[in-house]
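See below for the structure under consideration.
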Amino acid sequence: MVIQEKKVIAEAQTYFAFQTRKQELSEKEYMLLTEDEKRFYQRNLTRKGNYSLNQTAKNAGVKNFDQFHNYGYKGLYNGETADDIAKRKGLRYREDILDNMGSEELVDNLFRIVQTEAKLKKDKIKGEMNANKTHYKMGKDIRNFIKKQGGTMPEDLPTPEKSLKELEKENKKKLSNKNTNK
């Protein structure tokens, strides 16, 4: 019995050592990415995070998701709604603000998204207004954390010259030109 337990422990240690090593490689690889590649990567994570947050918020009773997300933005962006952020960034009507953020700003939002979802689940938040208040408070808490660490407030981070949609379009055009020139 003792030998079997030691074998299980050894296998678990090997597994976690392997997973840790795999994560280290991922971090090193991430550091080698260009800013635009980091933006694509973080945008994909925020897209998945928002999908998951929406499911959790729906379970909490949220019906107006634009309002729910604005509460999170208001907390993180010192009172700004998604429309306010879009105007400040000089975006066209209905252009996605998340596609017009740098990697650091996307990470700030991802942190807000993930922590809000965790809080809604952990505290078993019920009711749309309670979920909205939770999202606002989480945004505000993250903003205060950034400030305390001496970081740059999300609204003070630069807006990239090109949106991720523009970069995607350019990449598709380059690929199609390569393929037609063969």
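In the structure tokens, chains take letters A, B, ... by order of appearance, with residues numbered from 1 within each chain and ligands from 1 in the order shown.
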message: Using DSSP secondary structure from the backbone, list all alpha helix (DSSP H) positions within chain A, as a ChimeraX atom specification.
response: /A:2-32,35-60,65-76,82-89,103-122,128-148,164-180
- request: Compile the contact shell of region 28-37 of chain A as a ChimeraX atom specification: residues with an atom at most 10 Å away, counting only C-alpha atoms, same-chain residues fewer than 6 positions apart removed.
  value: /A:43,102-104,160,162-164,167
Selection file, N, CA and C atoms, as a PDB file, in the first residue's frame:
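What follows is the written file out-v7.pdb:
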```
ATOM      1  N   ARG A  43      -6.732  39.342 -27.187  1.00  0.00           N
ATOM      2  CA  ARG A  43      -8.100  39.581 -27.656  1.00  0.00           C
ATOM      3  C   ARG A  43      -8.875  38.265 -27.714  1.00  0.00           C
ATOM      4  N   GLY A 102      -4.393  48.009 -26.881  1.00  0.00           N
ATOM      5  CA  GLY A 102      -3.090  47.361 -26.850  1.00  0.00           C
ATOM      6  C   GLY A 102      -3.143  46.174 -25.909  1.00  0.00           C
ATOM      7  N   SER A 103      -2.068  45.403 -25.892  1.00  0.00           N
ATOM      8  CA  SER A 103      -2.065  44.174 -25.085  1.00  0.00           C
ATOM      9  C   SER A 103      -2.225  44.453 -23.593  1.00  0.00           C
ATOM     10  N   GLU A 104      -1.640  45.527 -23.085  1.00  0.00           N
ATOM     11  CA  GLU A 104      -1.755  45.823 -21.647  1.00  0.00           C
ATOM     12  C   GLU A 104      -3.192  46.164 -21.269  1.00  0.00           C
ATOM     13  N   PRO A 160      -3.796  51.677 -30.289  1.00  0.00           N
ATOM     14  CA  PRO A 160      -2.971  51.271 -31.443  1.00  0.00           C
ATOM     15  C   PRO A 160      -3.439  51.971 -32.728  1.00  0.00           C
ATOM     16  N   LYS A 162      -3.777  50.734 -35.669  1.00  0.00           N
ATOM     17  CA  LYS A 162      -4.685  49.900 -36.451  1.00  0.00           C
ATOM     18  C   LYS A 162      -5.450  48.961 -35.536  1.00  0.00           C
ATOM     19  N   SER A 163      -6.733  48.785 -35.860  1.00  0.00           N
ATOM     20  CA  SER A 163      -7.539  47.831 -35.104  1.00  0.00           C
ATOM     21  C   SER A 163      -7.131  46.414 -35.501  1.00  0.00           C
ATOM     22  N   LEU A 164      -7.528  45.466 -34.688  1.00  0.00           N
ATOM     23  CA  LEU A 164      -7.236  44.070 -35.023  1.00  0.00           C
ATOM     24  C   LEU A 164      -7.977  43.653 -36.299  1.00  0.00           C
ATOM     25  N   LEU A 167      -5.822  44.807 -39.150  1.00  0.00           N
ATOM     26  CA  LEU A 167      -4.642  43.945 -39.272  1.00  0.00           C
ATOM     27  C   LEU A 167      -5.019  42.605 -39.896  1.00  0.00           C
TER      28      LEU A 167
END
```
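Closest approach to Met153 (chain A) among A:Glu170, A:Glu27, A:Glu105, A:Asp84 is made by A:Glu105 (distances from only C-alpha atoms).
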task: Using only C-alpha atoms, find the one residue out of A:Pro158, A:Leu98, A:Glu168, A:Thr56 that sits nearest to Ile125 (chain A).
output: A:Thr56
- prompt: Could you name the residues that touch Thr46 (chain A) at 12 Å or less, counting only C-alpha atoms, but leaving out those on the same chain fewer than 2 positions away, as an MDAnalysis selection string?
  reply: chainID A and resid 39:44 48:54 97:99 101 103 105:114
message: Neighbouring residues of region 73-82 of chain A were defined as those with any atom within 10 Å, considering only C-alpha atoms; residues of the same chain fewer than 5 positions away were excluded. Please report them as a list in words.
response: Asp66, Gln67, Phe68, Lys87, Arg88, Arg94, Asp96, Ile97, Leu98, Asp108, Asn109, Arg112, Lys133, Thr134, His135, Tyr136, Lys137, Met138, Gly139, Lys140, Asp141, Ile142, Arg143, Asn144, Ile146, Met153, Pro154, Glu155 and Asp156 of chain A
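Shortest atom-to-atom contact with Thr159 (chain A) among A:Ile85, A:Leu45, A:Ala57, A:Val62: A:Ile85, counting only C-alpha atoms.
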message: Taking 5 positions as the minimum chain separation for residues in the same chain, which residues sit within 7 Å of Gly61 (chain A) when counting only C-alpha atoms? Answer as a PyMOL selection string.
response: chain A and resi 126-128
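Here CA of Phe65 (chain A) stands at a distance of 18.4 Å from CA of Tyr93 (chain A).
Reported to one decimal place, the separation of CA of Asn132 (chain A) from CA of Gly72 (chain A) is 7.6 Å.
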